[in-house]
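Below is one structure, written out as structure tokens, with a few remarks after it.
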Amino acid sequence: GDSVTQMEGPVTLSEEAFLTINCTYTATGYPSLFWYVQYPGEGLQLLLKATKADDKGSNKGFEATYRKETTSFHLEKGSVQVSDSAVYFCALRLRAAGNKLTFGGGTRVLVKP
Amino acid sequence: EPEVTQTPSHQVTQMGQEVILRCVPISNHLYFYWYRQILGQKVEFLVSFYNNEISEKSEIFDDQFSVERPDGSNFTLKIRSTKLEDSAMYFCASSEIAASGGEQYFGPGTRLTVT
């Protein structure tokens with residue numbers, strides 16, 4: 001079945017460090033890919049998305065490129081801030097599967113000052 | 001900014017009891033969803049709802065579960081007879097459209113603890 005695998009956390013970084021969170025997927029069709037973020041005490045928020053191969057999603061300094069050849073959608077940020085501390089979820093959606101999202105396990109990121 | 005709200009934030013219930021989790025989706029949204037996350041596991045899709053009927057459900061969503069939109073604002077998830085393994089965080093979401101560009105907006109979740 002369709003699935004998303006992302007690196008386990010927690011990931012602990014110092015402020016201004018480079019962040020990368022790996023995400024790979026398995027899908028029977030051609031998915032749209034998403035990164036969601038969950039700040040403490042809040043719901044999941046869409047961070048960025050990409051709907052076709054080689055698309056780059058970006059938002060708030062975060063970027064991820066849809067790589068069909070490696071079935072990956074790694075999240076990166078060049079210089080993290082303490083406010084980026086959160087749990088990050090990679091997800092896919094297949095048009096053939098309706099509108100449901102299939103999530104990875106989430107990666108907790110802690111940025112220390 | 002409009003947001004999805006959920007109540008209660010934490011619900012504790014005894015095994016075998018019925019629980020109703022409540023959600024208020026964003027007002028102009030037409031598609032509604034429930035997901036759950038068992039502690040330490042992935043966020044899993046339960047059900048989607050459109051035009052007053054279920055449009056898709058997962059294997060998890062068995063006869064113990066039901067959803068309802070009792071009025072123009074609330075969207076509820078009922079678990080008829082809770083089991084220990086129903087303990088999880090339950091997230092409600094809504095979207096304006098169902099197309100691939102239709103972003104799903106999530107609520108903060110209800111933590112259900114079954115004892």
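We name chains A, B, ... following the order of the structure tokens; residues begin at 1 in each chain, and ligands are numbered from 1 as shown.
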Practice problem: Using only C-alpha atoms, find which residues of chain A lie within 7 Å of chain B and jot them down as a PyMOL selection string. | Solution: chain A and resi 41-45+95+99-105
For the selection just defined, write its residues with all heavy atoms to a file, as an mmCIF file, in the first residue's frame.
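Full text of out_16.cif as output:
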```cif
data_model
loop_
_atom_site.group_PDB
_atom_site.id
_atom_site.type_symbol
_atom_site.label_atom_id
_atom_site.label_comp_id
_atom_site.auth_asym_id
_atom_site.auth_seq_id
_atom_site.Cartn_x
_atom_site.Cartn_y
_atom_site.Cartn_z
ATOM 1 N N GLY A 41 0.802 22.247 21.221
ATOM 2 C CA GLY A 41 -0.559 22.631 21.577
ATOM 3 C C GLY A 41 -1.438 23.047 20.422
ATOM 4 O O GLY A 41 -2.576 23.475 20.624
ATOM 5 N N GLU A 42 -0.939 22.908 19.192
ATOM 6 C CA GLU A 42 -1.714 23.343 18.027
ATOM 7 C C GLU A 42 -1.965 22.180 17.081
ATOM 8 O O GLU A 42 -1.446 21.085 17.242
ATOM 9 C CB GLU A 42 -0.975 24.466 17.298
ATOM 10 C CG GLU A 42 -0.759 25.705 18.155
ATOM 11 C CD GLU A 42 -0.094 26.832 17.382
ATOM 12 O OE1 GLU A 42 -0.078 26.783 16.137
ATOM 13 O OE2 GLU A 42 0.408 27.756 18.039
ATOM 14 N N GLY A 43 -2.803 22.442 16.079
ATOM 15 C CA GLY A 43 -3.095 21.431 15.077
ATOM 16 C C GLY A 43 -2.022 21.390 14.009
ATOM 17 O O GLY A 43 -1.049 22.133 14.027
ATOM 18 N N LEU A 44 -2.210 20.471 13.072
ATOM 19 C CA LEU A 44 -1.288 20.360 11.944
ATOM 20 C C LEU A 44 -1.518 21.528 10.984
ATOM 21 O O LEU A 44 -2.655 21.815 10.615
ATOM 22 C CB LEU A 44 -1.524 19.032 11.213
ATOM 23 C CG LEU A 44 -1.317 17.763 12.032
ATOM 24 C CD1 LEU A 44 -1.905 16.555 11.327
ATOM 25 C CD2 LEU A 44 0.160 17.545 12.285
ATOM 26 N N GLN A 45 -0.440 22.157 10.555
ATOM 27 C CA GLN A 45 -0.536 23.262 9.600
ATOM 28 C C GLN A 45 0.241 22.885 8.347
ATOM 29 O O GLN A 45 1.365 22.376 8.455
ATOM 30 C CB GLN A 45 0.067 24.543 10.175
ATOM 31 C CG GLN A 45 -0.582 25.064 11.430
ATOM 32 C CD GLN A 45 0.177 26.245 11.994
ATOM 33 O OE1 GLN A 45 0.868 26.966 11.273
ATOM 34 N NE2 GLN A 45 0.046 26.465 13.296
ATOM 35 N N ARG A 95 -4.751 11.144 -5.979
ATOM 36 C CA ARG A 95 -6.063 11.517 -6.499
ATOM 37 C C ARG A 95 -6.980 10.314 -6.566
ATOM 38 O O ARG A 95 -8.151 10.382 -6.262
ATOM 39 C CB ARG A 95 -5.915 12.132 -7.881
ATOM 40 C CG ARG A 95 -7.197 12.749 -8.400
ATOM 41 C CD ARG A 95 -6.926 13.545 -9.644
ATOM 42 N NE ARG A 95 -5.979 14.619 -9.382
ATOM 43 C CZ ARG A 95 -5.588 15.493 -10.297
ATOM 44 N NH1 ARG A 95 -6.055 15.397 -11.513
ATOM 45 N NH2 ARG A 95 -4.729 16.438 -9.998
ATOM 46 N N ASN A 99 -9.381 12.107 -1.173
ATOM 47 C CA ASN A 99 -8.653 13.258 -0.681
ATOM 48 C C ASN A 99 -7.914 12.956 0.607
ATOM 49 O O ASN A 99 -7.416 13.861 1.263
ATOM 50 C CB ASN A 99 -9.625 14.411 -0.464
ATOM 51 C CG ASN A 99 -8.932 15.755 -0.501
ATOM 52 O OD1 ASN A 99 -7.930 15.919 -1.172
ATOM 53 N ND2 ASN A 99 -9.463 16.710 0.234
ATOM 54 N N LYS A 100 -7.804 11.693 0.972
ATOM 55 C CA LYS A 100 -7.180 11.386 2.249
ATOM 56 C C LYS A 100 -5.674 11.589 2.170
ATOM 57 O O LYS A 100 -5.041 11.379 1.143
ATOM 58 C CB LYS A 100 -7.486 9.951 2.674
ATOM 59 C CG LYS A 100 -6.783 8.908 1.841
ATOM 60 C CD LYS A 100 -7.068 7.517 2.381
ATOM 61 C CE LYS A 100 -6.289 6.480 1.580
ATOM 62 N NZ LYS A 100 -6.616 5.108 2.009
ATOM 63 N N LEU A 101 -5.120 12.002 3.279
ATOM 64 C CA LEU A 101 -3.674 12.164 3.418
ATOM 65 C C LEU A 101 -3.086 10.921 4.085
ATOM 66 O O LEU A 101 -3.669 10.385 5.034
ATOM 67 C CB LEU A 101 -3.371 13.391 4.276
ATOM 68 C CG LEU A 101 -3.685 14.746 3.638
ATOM 69 C CD1 LEU A 101 -3.763 15.829 4.703
ATOM 70 C CD2 LEU A 101 -2.633 15.084 2.595
ATOM 71 N N THR A 102 -1.934 10.483 3.572
ATOM 72 C CA THR A 102 -1.178 9.400 4.201
ATOM 73 C C THR A 102 0.075 10.020 4.785
ATOM 74 O O THR A 102 0.876 10.621 4.052
ATOM 75 C CB THR A 102 -0.826 8.318 3.177
ATOM 76 O OG1 THR A 102 -2.027 7.767 2.642
ATOM 77 C CG2 THR A 102 -0.002 7.215 3.823
ATOM 78 N N PHE A 103 0.248 9.885 6.099
ATOM 79 C CA PHE A 103 1.315 10.577 6.813
ATOM 80 C C PHE A 103 2.480 9.670 7.139
ATOM 81 O O PHE A 103 2.330 8.457 7.345
ATOM 82 C CB PHE A 103 0.784 11.123 8.143
ATOM 83 C CG PHE A 103 -0.090 12.338 8.011
ATOM 84 C CD1 PHE A 103 -1.459 12.207 7.854
ATOM 85 C CD2 PHE A 103 0.461 13.608 8.051
ATOM 86 C CE1 PHE A 103 -2.270 13.324 7.746
ATOM 87 C CE2 PHE A 103 -0.338 14.727 7.940
ATOM 88 C CZ PHE A 103 -1.708 14.588 7.786
ATOM 89 N N GLY A 104 3.648 10.292 7.257
ATOM 90 C CA GLY A 104 4.780 9.650 7.886
ATOM 91 C C GLY A 104 4.649 9.760 9.400
ATOM 92 O O GLY A 104 3.688 10.333 9.916
ATOM 93 N N GLY A 105 5.625 9.226 10.100
ATOM 94 C CA GLY A 105 5.546 9.139 11.548
ATOM 95 C C GLY A 105 5.811 10.432 12.298
ATOM 96 O O GLY A 105 5.607 10.493 13.508
#
```
Practice problem: Take CA of Phe49 in chain B and CA of Glu1 in chain B and report the distance between them in Å, one decimal. | Solution: 23.3 Å
Quiz prompt | Residue neighbourhood range 77-86 of chain A, 8 Å, only C-alpha atoms, exclusion window fewer than 3 positions, as JSON, numbers by chain | solution = {"A": [14, 15, 16, 17, 18, 19, 20, 37, 38, 39, 40, 61, 62, 63, 108, 109, 110, 111, 112, 113]}
Quiz item: Mind checking DSSP for chain A and telling me the strand (DSSP E or B) residues as a ChimeraX atom specification?
Solution: /A:3-6,11-14,19-21,23-26,32-38,44-50,56-59,62-65,67,72,75-77,86-93,102-103,107-112
Practice problem: Would you list the contacts of Ser73 in chain B as a list in words, taking every protein, DNA or RNA residue within 9 Å and counting only C-alpha atoms, but skipping same-chain residues closer than 6 positions in sequence? | Solution: Cys23, Val24, Pro25, Ile26 and Ser27 of chain B
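A straight line drawn from CA of Ala64 in chain A to CA of Gly1 in chain A is 23.5 Å long.
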With a distance cut-off of 10 Å and only C-alpha atoms, select the neighbouring residues of Tyr25 in chain A, excluding the residue or stretch itself and same-chain residues fewer than 6 positions from it, and output the selection as a PDB file with N, CA, C and O atoms, in the first residue's frame.
```pdb
ATOM      1  N   ASP A   2       0.176   2.385  -0.073  1.00  0.00           N
ATOM      2  CA  ASP A   2       0.885   3.666  -0.076  1.00  0.00           C
ATOM      3  C   ASP A   2       1.434   3.961   1.312  1.00  0.00           C
ATOM      4  O   ASP A   2       0.759   3.717   2.317  1.00  0.00           O
ATOM      5  N   SER A   3       2.641   4.509   1.364  1.00  0.00           N
ATOM      6  CA  SER A   3       3.235   4.789   2.668  1.00  0.00           C
ATOM      7  C   SER A   3       4.259   5.902   2.569  1.00  0.00           C
ATOM      8  O   SER A   3       4.759   6.215   1.486  1.00  0.00           O
ATOM      9  N   VAL A   4       4.550   6.491   3.713  1.00  0.00           N
ATOM     10  CA  VAL A   4       5.551   7.554   3.827  1.00  0.00           C
ATOM     11  C   VAL A   4       6.482   7.203   4.976  1.00  0.00           C
ATOM     12  O   VAL A   4       6.014   6.834   6.063  1.00  0.00           O
ATOM     13  N   THR A   5       7.763   7.333   4.717  1.00  0.00           N
ATOM     14  CA  THR A   5       8.770   7.058   5.736  1.00  0.00           C
ATOM     15  C   THR A   5       9.607   8.305   5.938  1.00  0.00           C
ATOM     16  O   THR A   5      10.125   8.876   4.972  1.00  0.00           O
ATOM     17  N   GLN A   6       9.721   8.727   7.170  1.00  0.00           N
ATOM     18  CA  GLN A   6      10.565   9.875   7.444  1.00  0.00           C
ATOM     19  C   GLN A   6      11.469   9.567   8.616  1.00  0.00           C
ATOM     20  O   GLN A   6      11.195   8.668   9.417  1.00  0.00           O
ATOM     21  N   PRO A  31       1.540  10.804  -6.647  1.00  0.00           N
ATOM     22  CA  PRO A  31       0.970  11.563  -5.540  1.00  0.00           C
ATOM     23  C   PRO A  31       1.308  13.046  -5.555  1.00  0.00           C
ATOM     24  O   PRO A  31       2.257  13.482  -6.207  1.00  0.00           O
ATOM     25  N   LEU A  33       2.612  15.793  -2.733  1.00  0.00           N
ATOM     26  CA  LEU A  33       3.407  15.634  -1.519  1.00  0.00           C
ATOM     27  C   LEU A  33       3.325  16.888  -0.657  1.00  0.00           C
ATOM     28  O   LEU A  33       3.239  18.014  -1.181  1.00  0.00           O
ATOM     29  N   LYS A  68      10.938  12.442  -8.177  1.00  0.00           N
ATOM     30  CA  LYS A  68      10.249  11.206  -8.559  1.00  0.00           C
ATOM     31  C   LYS A  68      11.242  10.049  -8.682  1.00  0.00           C
ATOM     32  O   LYS A  68      10.936   8.905  -8.333  1.00  0.00           O
ATOM     33  N   THR A  70      13.882   9.368  -7.046  1.00  0.00           N
ATOM     34  CA  THR A  70      14.281   8.791  -5.760  1.00  0.00           C
ATOM     35  C   THR A  70      13.089   8.667  -4.807  1.00  0.00           C
ATOM     36  O   THR A  70      13.269   8.296  -3.644  1.00  0.00           O
ATOM     37  N   THR A  71      11.904   8.951  -5.299  1.00  0.00           N
ATOM     38  CA  THR A  71      10.662   8.960  -4.493  1.00  0.00           C
ATOM     39  C   THR A  71      10.896   9.639  -3.151  1.00  0.00           C
ATOM     40  O   THR A  71      10.636   9.069  -2.078  1.00  0.00           O
ATOM     41  N   SER A  72      11.400  10.869  -3.220  1.00  0.00           N
ATOM     42  CA  SER A  72      11.734  11.585  -1.991  1.00  0.00           C
ATOM     43  C   SER A  72      11.186  13.003  -2.004  1.00  0.00           C
ATOM     44  O   SER A  72      10.870  13.562  -3.065  1.00  0.00           O
ATOM     45  N   PHE A  73      11.091  13.564  -0.805  1.00  0.00           N
ATOM     46  CA  PHE A  73      10.591  14.937  -0.640  1.00  0.00           C
ATOM     47  C   PHE A  73      11.216  15.478   0.651  1.00  0.00           C
ATOM     48  O   PHE A  73      10.546  15.762   1.623  1.00  0.00           O
ATOM     49  N   CYS A  90       5.632  14.524   7.012  1.00  0.00           N
ATOM     50  CA  CYS A  90       5.588  14.390   5.566  1.00  0.00           C
ATOM     51  C   CYS A  90       4.323  13.601   5.214  1.00  0.00           C
ATOM     52  O   CYS A  90       3.930  12.683   5.964  1.00  0.00           O
ATOM     53  N   ALA A  91       3.675  13.949   4.108  1.00  0.00           N
ATOM     54  CA  ALA A  91       2.426  13.266   3.758  1.00  0.00           C
ATOM     55  C   ALA A  91       2.259  13.223   2.252  1.00  0.00           C
ATOM     56  O   ALA A  91       2.839  14.039   1.523  1.00  0.00           O
ATOM     57  N   LEU A  92       1.476  12.276   1.787  1.00  0.00           N
ATOM     58  CA  LEU A  92       1.153  12.207   0.368  1.00  0.00           C
ATOM     59  C   LEU A  92      -0.359  12.102   0.194  1.00  0.00           C
ATOM     60  O   LEU A  92      -1.092  11.697   1.104  1.00  0.00           O
ATOM     61  N   THR A 102      -1.934  10.483   3.572  1.00  0.00           N
ATOM     62  CA  THR A 102      -1.178   9.400   4.201  1.00  0.00           C
ATOM     63  C   THR A 102       0.075  10.020   4.785  1.00  0.00           C
ATOM     64  O   THR A 102       0.876  10.621   4.052  1.00  0.00           O
ATOM     65  N   PHE A 103       0.248   9.885   6.099  1.00  0.00           N
ATOM     66  CA  PHE A 103       1.315  10.577   6.813  1.00  0.00           C
ATOM     67  C   PHE A 103       2.480   9.670   7.139  1.00  0.00           C
ATOM     68  O   PHE A 103       2.330   8.457   7.345  1.00  0.00           O
ATOM     69  N   GLY A 104       3.648  10.292   7.257  1.00  0.00           N
ATOM     70  CA  GLY A 104       4.780   9.650   7.886  1.00  0.00           C
ATOM     71  C   GLY A 104       4.649   9.760   9.400  1.00  0.00           C
ATOM     72  O   GLY A 104       3.688  10.333   9.916  1.00  0.00           O
TER      73      GLY A 104
END
```
Quiz item: Which neighbours of Gln17 in chain B fall inside 12 Å, counting only C-alpha atoms, when residues of the same chain fewer than 3 positions from it are skipped, and could you give them as an MDAnalysis selection string?
Solution: chainID B and resid 11:14 20 64 78:84 86 113:115
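Taking CA of Glu76 in chain A as the reference point, CA of Leu39 in chain B is found at 26.1 Å.
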